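Visitor: If it helps, the file is called coords10.cif and holds mmCIF, C-alpha atoms:
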data_work
#
loop_
_atom_site.label_atom_id
_atom_site.label_comp_id
_atom_site.auth_asym_id
_atom_site.auth_seq_id
_atom_site.Cartn_x
_atom_site.Cartn_y
_atom_site.Cartn_z
CA MET O 1 -37.74 48.19 -87.45
CA ALA O 2 -39.26 48.77 -90.87
CA ARG O 3 -40.20 45.83 -93.03
CA GLU O 4 -38.46 47.39 -96.06
CA ASP O 5 -35.09 46.92 -94.34
CA VAL O 6 -35.64 43.17 -94.33
CA VAL O 7 -36.76 43.24 -97.96
CA SER O 8 -33.59 45.12 -98.91
CA GLY O 9 -31.43 42.43 -97.32
CA PRO O 10 -30.97 40.41 -100.54
CA LYS O 11 -30.06 43.64 -102.36
CA TRP O 12 -27.23 44.20 -99.89
CA VAL O 13 -26.14 40.59 -100.31
CA VAL O 14 -25.91 41.08 -104.09
CA GLY O 15 -24.28 44.47 -103.56
CA GLY O 16 -21.63 42.94 -101.31
CA PHE O 17 -20.93 40.18 -103.82
CA VAL O 18 -20.55 42.67 -106.69
CA PHE O 19 -18.38 45.02 -104.61
CA PHE O 20 -15.86 42.32 -103.74
CA TRP O 21 -15.96 40.87 -107.26
CA VAL O 22 -15.01 44.28 -108.67
CA LEU O 23 -12.34 44.72 -105.98
CA ASN O 24 -10.84 41.35 -106.94
CA LYS O 25 -10.50 42.58 -110.53
CA VAL O 26 -9.01 45.91 -109.44
CA LEU O 27 -6.34 44.20 -107.31
CA ARG O 28 -4.91 42.66 -110.48
CA ILE O 29 -3.47 46.11 -111.20
CA PHE O 30 -1.48 46.13 -107.96
CA PRO O 31 1.12 43.34 -107.83
CA ALA O 32 2.46 41.97 -104.58
CA GLY O 33 5.74 43.79 -105.04
CA MET O 34 7.42 40.60 -106.18
CA SER O 35 7.11 38.08 -108.97
CA THR O 36 3.82 36.30 -108.33
CA THR O 37 2.28 33.81 -110.69
CA GLY O 38 -0.38 31.14 -110.37
CA PRO O 39 -1.39 30.30 -106.78
CA GLN O 40 0.65 33.14 -105.26
CA ALA O 41 -0.99 35.72 -107.51
CA TRP O 42 -4.41 34.37 -106.62
CA LYS O 43 -3.58 34.35 -102.90
CA TRP O 44 -2.43 37.98 -103.10
CA LYS O 45 -5.76 39.11 -104.60
CA ASN O 46 -7.88 36.89 -102.37
CA THR O 47 -6.15 38.04 -99.20
CA GLY O 48 -6.42 41.67 -100.29
CA VAL O 49 -10.18 41.24 -100.74
CA SER O 50 -10.47 39.53 -97.34
CA LEU O 51 -8.48 42.31 -95.66
CA THR O 52 -10.81 44.91 -97.15
CA HIS O 53 -13.82 43.01 -95.81
CA SER O 54 -12.24 42.91 -92.34
CA LEU O 55 -11.38 46.62 -92.41
CA ILE O 56 -15.03 47.41 -93.21
CA THR O 57 -16.97 44.92 -91.12
CA GLY O 58 -14.75 44.75 -88.01
CA PRO O 59 -15.18 48.40 -86.99
CA TRP O 60 -18.76 48.39 -88.35
CA SER O 61 -19.75 45.55 -86.02
CA LEU O 62 -18.42 47.44 -83.00
CA TYR O 63 -20.17 50.60 -84.14
CA CYS O 64 -23.53 48.79 -84.29
CA PHE O 65 -23.46 48.28 -80.50
CA TYR O 66 -22.13 51.79 -79.92
CA GLU O 67 -24.91 53.24 -82.06
CA TYR O 68 -27.67 51.24 -80.35
CA PRO O 69 -26.57 49.78 -76.97
CA LYS O 70 -29.96 48.09 -76.47
CA LEU O 71 -28.96 45.69 -79.23
CA ALA O 72 -26.93 43.84 -76.59
CA GLU O 73 -30.01 43.34 -74.41
CA ASP O 74 -31.84 41.20 -76.97
CA LEU O 75 -29.68 39.45 -79.55
CA ILE O 76 -32.66 37.54 -80.94
CA ASN O 77 -35.34 40.05 -81.86
CA THR O 78 -33.68 43.48 -81.72
CA TYR O 79 -31.81 44.89 -84.70
CA THR O 80 -31.17 48.16 -86.56
CA SER O 81 -30.96 49.09 -90.21
CA SER O 82 -27.18 49.33 -89.89
CA SER O 83 -26.77 45.92 -88.27
CA HIS O 84 -29.05 44.25 -90.83
CA MET O 85 -27.12 45.85 -93.70
CA LEU O 86 -23.84 44.71 -92.13
CA ILE O 87 -24.91 41.08 -91.99
CA SER O 88 -26.33 41.18 -95.52
CA PHE O 89 -23.16 42.80 -96.87
CA SER O 90 -21.02 40.13 -95.20
CA VAL O 91 -23.09 37.33 -96.68
CA GLY O 92 -22.29 38.78 -100.10
CA TYR O 93 -18.58 38.66 -99.26
CA PHE O 94 -18.65 35.07 -98.01
CA ILE O 95 -20.53 33.93 -101.12
CA HIS O 96 -17.97 35.68 -103.32
CA ASP O 97 -15.04 34.19 -101.43
CA LEU O 98 -16.60 30.71 -101.53
CA VAL O 99 -17.08 30.92 -105.30
CA ASP O 100 -13.59 32.34 -105.79
CA MET O 101 -11.97 29.46 -103.88
CA ALA O 102 -14.12 26.84 -105.62
CA ARG O 103 -13.10 28.19 -109.03
CA CYS O 104 -9.45 29.06 -108.53
CA HIS O 105 -7.96 27.32 -105.49
CA ARG O 106 -9.19 23.79 -104.87
CA LYS O 107 -6.74 22.71 -102.21
CA ARG O 108 -6.99 21.25 -98.74
CA SER O 109 -6.61 24.61 -97.02
CA SER O 110 -9.37 26.04 -99.19
CA TYR O 111 -11.70 23.12 -98.50
CA GLU O 112 -11.45 23.87 -94.78
CA LEU O 113 -12.36 27.51 -95.43
CA MET O 114 -15.20 26.47 -97.72
CA VAL O 115 -16.77 24.49 -94.87
CA HIS O 116 -16.36 27.55 -92.65
CA HIS O 117 -17.97 29.81 -95.25
CA VAL O 118 -20.93 27.47 -95.78
CA CYS O 119 -21.62 27.51 -92.03
CA VAL O 120 -21.43 31.31 -91.91
CA ILE O 121 -23.63 31.77 -95.00
CA LEU O 122 -26.31 29.49 -93.56
CA CYS O 123 -26.30 31.16 -90.14
CA PHE O 124 -26.09 34.73 -91.44
CA GLY O 125 -28.57 33.94 -94.19
CA LEU O 126 -31.10 32.94 -91.54
CA ALA O 127 -30.57 36.30 -89.82
CA VAL O 128 -30.95 38.22 -93.09
CA CYS O 129 -34.16 36.48 -94.16
CA SER O 130 -35.90 36.24 -90.80
CA ALA O 131 -34.60 39.46 -89.18
CA MET O 132 -33.88 37.36 -86.10
CA PHE O 133 -30.53 36.75 -84.37
CA VAL O 134 -29.08 39.80 -86.15
CA GLY O 135 -27.42 41.01 -82.95
CA TYR O 136 -25.91 37.58 -82.42
CA ALA O 137 -24.54 37.61 -85.98
CA VAL O 138 -23.07 41.07 -85.40
CA VAL O 139 -21.22 39.72 -82.34
CA ALA O 140 -19.82 36.98 -84.57
CA LEU O 141 -18.34 39.66 -86.83
CA PHE O 142 -16.21 40.94 -83.94
CA VAL O 143 -13.70 38.32 -85.11
CA GLU O 144 -13.05 40.50 -88.16
CA VAL O 145 -11.12 42.89 -85.92
CA ASN O 146 -8.53 40.14 -85.52
CA SER O 147 -8.79 39.24 -89.20
CA ILE O 148 -7.28 42.64 -90.04
CA PHE O 149 -3.97 41.50 -88.55
CA LEU O 150 -4.42 37.90 -89.69
CA HIS O 151 -4.74 38.95 -93.35
CA THR O 152 -1.97 41.54 -92.99
CA ARG O 153 0.27 38.72 -91.78
CA GLN O 154 -0.54 36.67 -94.86
CA LEU O 155 0.22 39.61 -97.18
CA LEU O 156 3.58 40.13 -95.45
CA ILE O 157 4.40 36.46 -96.01
CA ILE O 158 3.42 36.66 -99.67
CA ARG O 159 5.70 39.66 -100.10
CA GLY O 160 8.56 37.66 -98.60
CA THR O 161 8.89 39.78 -95.47
CA ASN O 162 11.46 38.43 -93.05
CA LYS O 163 9.83 37.29 -89.81
CA ALA O 164 12.56 39.05 -87.85
CA GLU O 165 11.60 42.47 -89.24
CA PRO O 166 9.96 44.86 -86.74
CA LYS O 167 6.78 45.31 -88.80
CA TYR O 168 6.24 41.55 -88.96
CA ARG O 169 6.94 41.09 -85.25
CA LEU O 170 4.61 43.96 -84.32
CA ASN O 171 1.82 42.53 -86.47
CA SER O 172 2.43 39.08 -84.95
CA MET O 173 1.98 40.41 -81.43
CA LEU O 174 -1.18 42.35 -82.35
CA ASN O 175 -2.47 39.29 -84.19
CA ILE O 176 -2.07 37.03 -81.16
CA ALA O 177 -3.55 39.62 -78.76
CA THR O 178 -6.62 40.29 -80.90
CA PHE O 179 -6.96 36.58 -81.66
CA VAL O 180 -7.43 35.85 -77.96
CA ILE O 181 -9.80 38.79 -77.41
CA PHE O 182 -11.86 38.90 -80.58
CA ARG O 183 -11.85 35.24 -81.61
CA ILE O 184 -11.37 32.81 -78.74
CA THR O 185 -13.12 34.95 -76.12
CA VAL O 186 -15.96 36.01 -78.44
CA LEU O 187 -16.58 32.50 -79.76
CA GLY O 188 -16.47 31.15 -76.21
CA TRP O 189 -19.06 33.73 -75.13
CA MET O 190 -21.24 32.88 -78.13
CA THR O 191 -21.12 29.20 -77.20
CA ARG O 192 -22.13 30.02 -73.61
CA TRP O 193 -24.97 32.25 -74.87
CA ILE O 194 -26.47 29.64 -77.17
CA VAL O 195 -26.39 27.02 -74.39
CA MET O 196 -28.02 29.37 -71.86
CA HIS O 197 -30.75 30.40 -74.34
CA LYS O 198 -31.48 26.90 -75.61
CA ASP O 199 -35.10 27.10 -74.42
CA HIS O 200 -35.68 30.24 -76.51
CA LEU O 201 -34.51 28.62 -79.74
CA SER O 202 -36.23 26.18 -82.03
CA LEU O 203 -34.54 22.81 -82.52
CA PRO O 204 -33.40 23.54 -86.13
CA VAL O 205 -31.96 26.93 -85.12
CA TYR O 206 -30.23 25.49 -82.05
CA THR O 207 -28.82 22.59 -84.09
CA LEU O 208 -27.57 24.86 -86.87
CA GLY O 209 -26.00 27.30 -84.42
CA SER O 210 -24.38 24.59 -82.31
CA ILE O 211 -22.87 22.70 -85.25
CA GLY O 212 -21.69 25.91 -86.91
CA LEU O 213 -20.09 27.18 -83.70
CA ALA O 214 -18.42 23.84 -82.98
CA ILE O 215 -16.83 23.71 -86.45
CA ILE O 216 -15.71 27.34 -86.37
CA MET O 217 -14.36 27.08 -82.81
CA LEU O 218 -12.35 23.97 -83.67
CA MET O 219 -10.91 25.59 -86.80
CA ASN O 220 -9.90 28.70 -84.86
CA ILE O 221 -8.19 26.73 -82.09
CA VAL O 222 -6.17 24.80 -84.70
CA LEU O 223 -5.35 28.07 -86.49
CA PHE O 224 -4.21 29.69 -83.25
CA PHE O 225 -1.72 26.91 -82.49
CA ARG O 226 -0.47 26.92 -86.08
CA ILE O 227 0.25 30.64 -85.90
CA CYS O 228 1.95 30.38 -82.52
CA ASN O 229 4.05 27.48 -83.77
CA VAL O 230 5.17 29.23 -86.95
CA ASP O 231 5.63 32.78 -85.63
CA PHE O 232 7.12 32.01 -82.22
CA THR O 233 7.91 28.39 -81.30
CA ASN O 234 9.62 27.28 -84.50
CA LYS O 235 11.93 30.25 -84.54
CA LYS O 236 13.20 29.50 -81.05
CA HIS O 237 13.63 25.83 -81.83
CA LYS O 238 15.51 26.55 -85.04
CA GLU O 239 17.82 29.03 -83.32
CA LEU O 240 18.48 26.46 -80.57
CA ASN O 241 19.13 23.67 -83.09
CA LYS O 242 21.38 25.92 -85.14
CA GLY O 243 23.37 26.84 -82.04
CA LEU O 244 23.76 23.19 -81.06
CA ALA O 245 24.84 22.28 -84.59
CA GLN O 246 27.43 25.07 -84.65
CA ALA O 247 28.77 24.01 -81.24
CA LYS O 248 28.99 20.39 -82.40
CA TYR O 249 30.78 21.48 -85.58
CA LEU O 250 33.35 23.50 -83.65
CA GLU O 251 33.88 20.63 -81.23
CA ASP O 252 34.35 18.14 -84.07
CA ASN O 253 36.81 20.44 -85.81
CA GLU O 254 38.76 20.88 -82.62
CA ASN O 255 38.89 17.14 -82.07
CA VAL O 256 39.88 16.15 -85.59
CA GLY O 257 42.32 19.01 -85.90
CA THR O 258 44.85 17.02 -83.88
CA GLY O 259 44.16 13.82 -85.78
CA GLY O 260 45.84 14.83 -89.03
CA SER O 261 44.35 12.58 -91.71
CA VAL O 262 40.83 12.59 -90.18
CA LEU O 263 40.48 16.34 -90.73
CA SER O 264 39.84 16.00 -94.45
CA LYS O 265 36.72 13.87 -93.82
CA THR O 266 34.98 16.21 -91.38
CA SER O 267 36.18 19.65 -92.31
CA PRO O 268 33.65 20.86 -94.96
CA THR O 269 31.04 23.08 -93.31
CA SER O 270 28.46 22.13 -95.95
CA SER O 271 28.00 18.80 -94.16
CA ILE O 272 26.34 20.54 -91.22
CA LEU O 273 25.35 24.20 -91.45
CA PRO O 274 23.65 24.69 -94.83
CA ALA O 275 21.28 21.80 -94.10
CA LEU O 276 19.51 24.04 -91.59
CA PRO O 277 16.77 26.12 -93.28
CA PRO O 278 16.52 29.76 -92.17
CA ALA O 279 13.53 30.48 -89.94
CA ALA O 280 12.46 33.28 -92.23
CA ASN O 281 11.59 30.80 -94.98
CA LEU O 282 9.00 28.93 -92.93
CA HIS O 283 5.57 30.02 -94.12
CA LEU O 284 2.14 29.07 -92.93
CA ASN O 285 -0.04 28.08 -95.86
#
Would you put the structure from the file into structure tokens?

Guide:
Amino acid sequence: MAREDVVSGPKWVVGGFVFFWVLNKVLRIFPAGMSTTGPQAWKWKNTGVSLTHSLITGPWSLYCFYEYPKLAEDLINTYTSSSHMLISFSVGYFIHDLVDMARCHRKRSSYELMVHHVCVILCFGLAVCSAMFVGYAVVALFVEVNSIFLHTRQLLIIRGTNKAEPKYRLNSMLNIATFVIFRITVLGWMTRWIVMHKDHLSLPVYTLGSIGLAIIMLMNIVLFFRICNVDFTNKKHKELNKGLAQAKYLEDNENVGTGGSVLSKTSPTSSILPALPPAANLHLN
């Protein structure tokens, strides 16, 4: 591996930052297809930028191992020009996204992502500057394959897509499948790898990697259950509750219908049915 590839790493970091900064500006031209102002407008642009990053880096990370299979044999010292550029480019994206959230969206959900981004920038930054652990960082970018469907899901929600629509359901299924394969499985393998290779790592590197992985793994497990709850569990519960409420309403009407004067107190349907929010309106923020 040529030394100039390592020297060019910061250039790719800056290039990635500028690329996504320009893309963020360009996305202002393309509205979400609905009236979006304030936080929703920002979320539309931010998610569009994140989706673009996933579409680029997800397949690119897989290609790195296809291009040079020996990269898998030594995740510490072996790397290629392509894999080093990939990590540097991604660092530029994460810096841009961190700055964008800090400037425009200081909310609890963003603070969680900021912690995630800081961990990634530190770990990937080490790989960029030292030209070590590049292969390991490329494995970490496998999660971007799932992020394609994760960000698509968010864009569908922003556009107000009904969760019962086929395109939303299809994306939900692909999102869950790739989440298990490219997030939970990959992060689990990375945790196993760092434990097994503890003796080959310095204490600072092992500490940084372990803490970063623990935080990211915890965040992804929480995210997985949130998505399952919103896209699958809640819908079933709401349909069940709605059915029970309708049955109770019909039973009450049947009972009071023979009571004459009591009917006027229990007859209006607004006392029961409209209080149930449609499942399609439940969004994950």

Visitor: To one decimal place in Å, what is the distance between atom CA of O:Val205 and atom CA of O:Gly16?

Guide: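 Spanning atom CA of O:Val205 to atom CA of O:Gly16 is a straight-line distance of 25.0 Å.
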
Visitor: Under the rule that only C-alpha atoms are counted, which of O:Val99, O:Val138, O:Leu187, O:Val18 is the nearest residue to O:Leu113?

Guide: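 Using only C-alpha atoms, the shortest distance to O:Leu113 belongs to O:Val99.
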
Visitor: Counting all atoms listed in the file, which of O:Met173, O:Val14, O:Met190, O:Leu203 gets nearest to O:Ile216?

Guide: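 Among the listed residues, the smallest separation from O:Ile216 belongs to O:Met190.
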
Visitor: If you count all atoms listed in the file, which residues fall within 9 Å of O:Ile176, apart from same-chain ones fewer than 6 positions away, as an mmCIF file with C-alpha atoms, keeping the file's coordinate frame?

Guide:
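Everything below was put into around.cif:
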data_model
loop_
_atom_site.group_PDB
_atom_site.id
_atom_site.type_symbol
_atom_site.label_atom_id
_atom_site.label_comp_id
_atom_site.auth_asym_id
_atom_site.auth_seq_id
_atom_site.Cartn_x
_atom_site.Cartn_y
_atom_site.Cartn_z
ATOM 1 C CA ASN O 146 -8.530 40.140 -85.520
ATOM 2 C CA PHE O 149 -3.970 41.500 -88.550
ATOM 3 C CA LEU O 150 -4.420 37.900 -89.690
ATOM 4 C CA PHE O 224 -4.210 29.690 -83.250
ATOM 5 C CA ILE O 227 0.250 30.640 -85.900
ATOM 6 C CA CYS O 228 1.950 30.380 -82.520
#

Visitor: Skipping near chain neighbours, those fewer than 4 positions away, what residues fall within 10 Å of O:Val134 using only C-alpha atoms, listed as a PDB file with C-alpha atoms, in the frame of the given file?

Guide:
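Dumped to selection.pdb:
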ATOM      1  CA  LEU O  71     -28.960  45.690 -79.230  1.00  0.00           C
ATOM      2  CA  ASP O  74     -31.840  41.200 -76.970  1.00  0.00           C
ATOM      3  CA  LEU O  75     -29.680  39.450 -79.550  1.00  0.00           C
ATOM      4  CA  ILE O  76     -32.660  37.540 -80.940  1.00  0.00           C
ATOM      5  CA  ASN O  77     -35.340  40.050 -81.860  1.00  0.00           C
ATOM      6  CA  THR O  78     -33.680  43.480 -81.720  1.00  0.00           C
ATOM      7  CA  TYR O  79     -31.810  44.890 -84.700  1.00  0.00           C
ATOM      8  CA  THR O  80     -31.170  48.160 -86.560  1.00  0.00           C
ATOM      9  CA  SER O  83     -26.770  45.920 -88.270  1.00  0.00           C
ATOM     10  CA  HIS O  84     -29.050  44.250 -90.830  1.00  0.00           C
ATOM     11  CA  MET O  85     -27.120  45.850 -93.700  1.00  0.00           C
ATOM     12  CA  LEU O  86     -23.840  44.710 -92.130  1.00  0.00           C
ATOM     13  CA  ILE O  87     -24.910  41.080 -91.990  1.00  0.00           C
ATOM     14  CA  SER O  88     -26.330  41.180 -95.520  1.00  0.00           C
ATOM     15  CA  CYS O 123     -26.300  31.160 -90.140  1.00  0.00           C
ATOM     16  CA  PHE O 124     -26.090  34.730 -91.440  1.00  0.00           C
ATOM     17  CA  GLY O 125     -28.570  33.940 -94.190  1.00  0.00           C
ATOM     18  CA  LEU O 126     -31.100  32.940 -91.540  1.00  0.00           C
ATOM     19  CA  ALA O 127     -30.570  36.300 -89.820  1.00  0.00           C
ATOM     20  CA  VAL O 128     -30.950  38.220 -93.090  1.00  0.00           C
ATOM     21  CA  SER O 130     -35.900  36.240 -90.800  1.00  0.00           C
ATOM     22  CA  VAL O 138     -23.070  41.070 -85.400  1.00  0.00           C
ATOM     23  CA  VAL O 139     -21.220  39.720 -82.340  1.00  0.00           C
ATOM     24  CA  ALA O 140     -19.820  36.980 -84.570  1.00  0.00           C
TER      25      ALA O 140
END
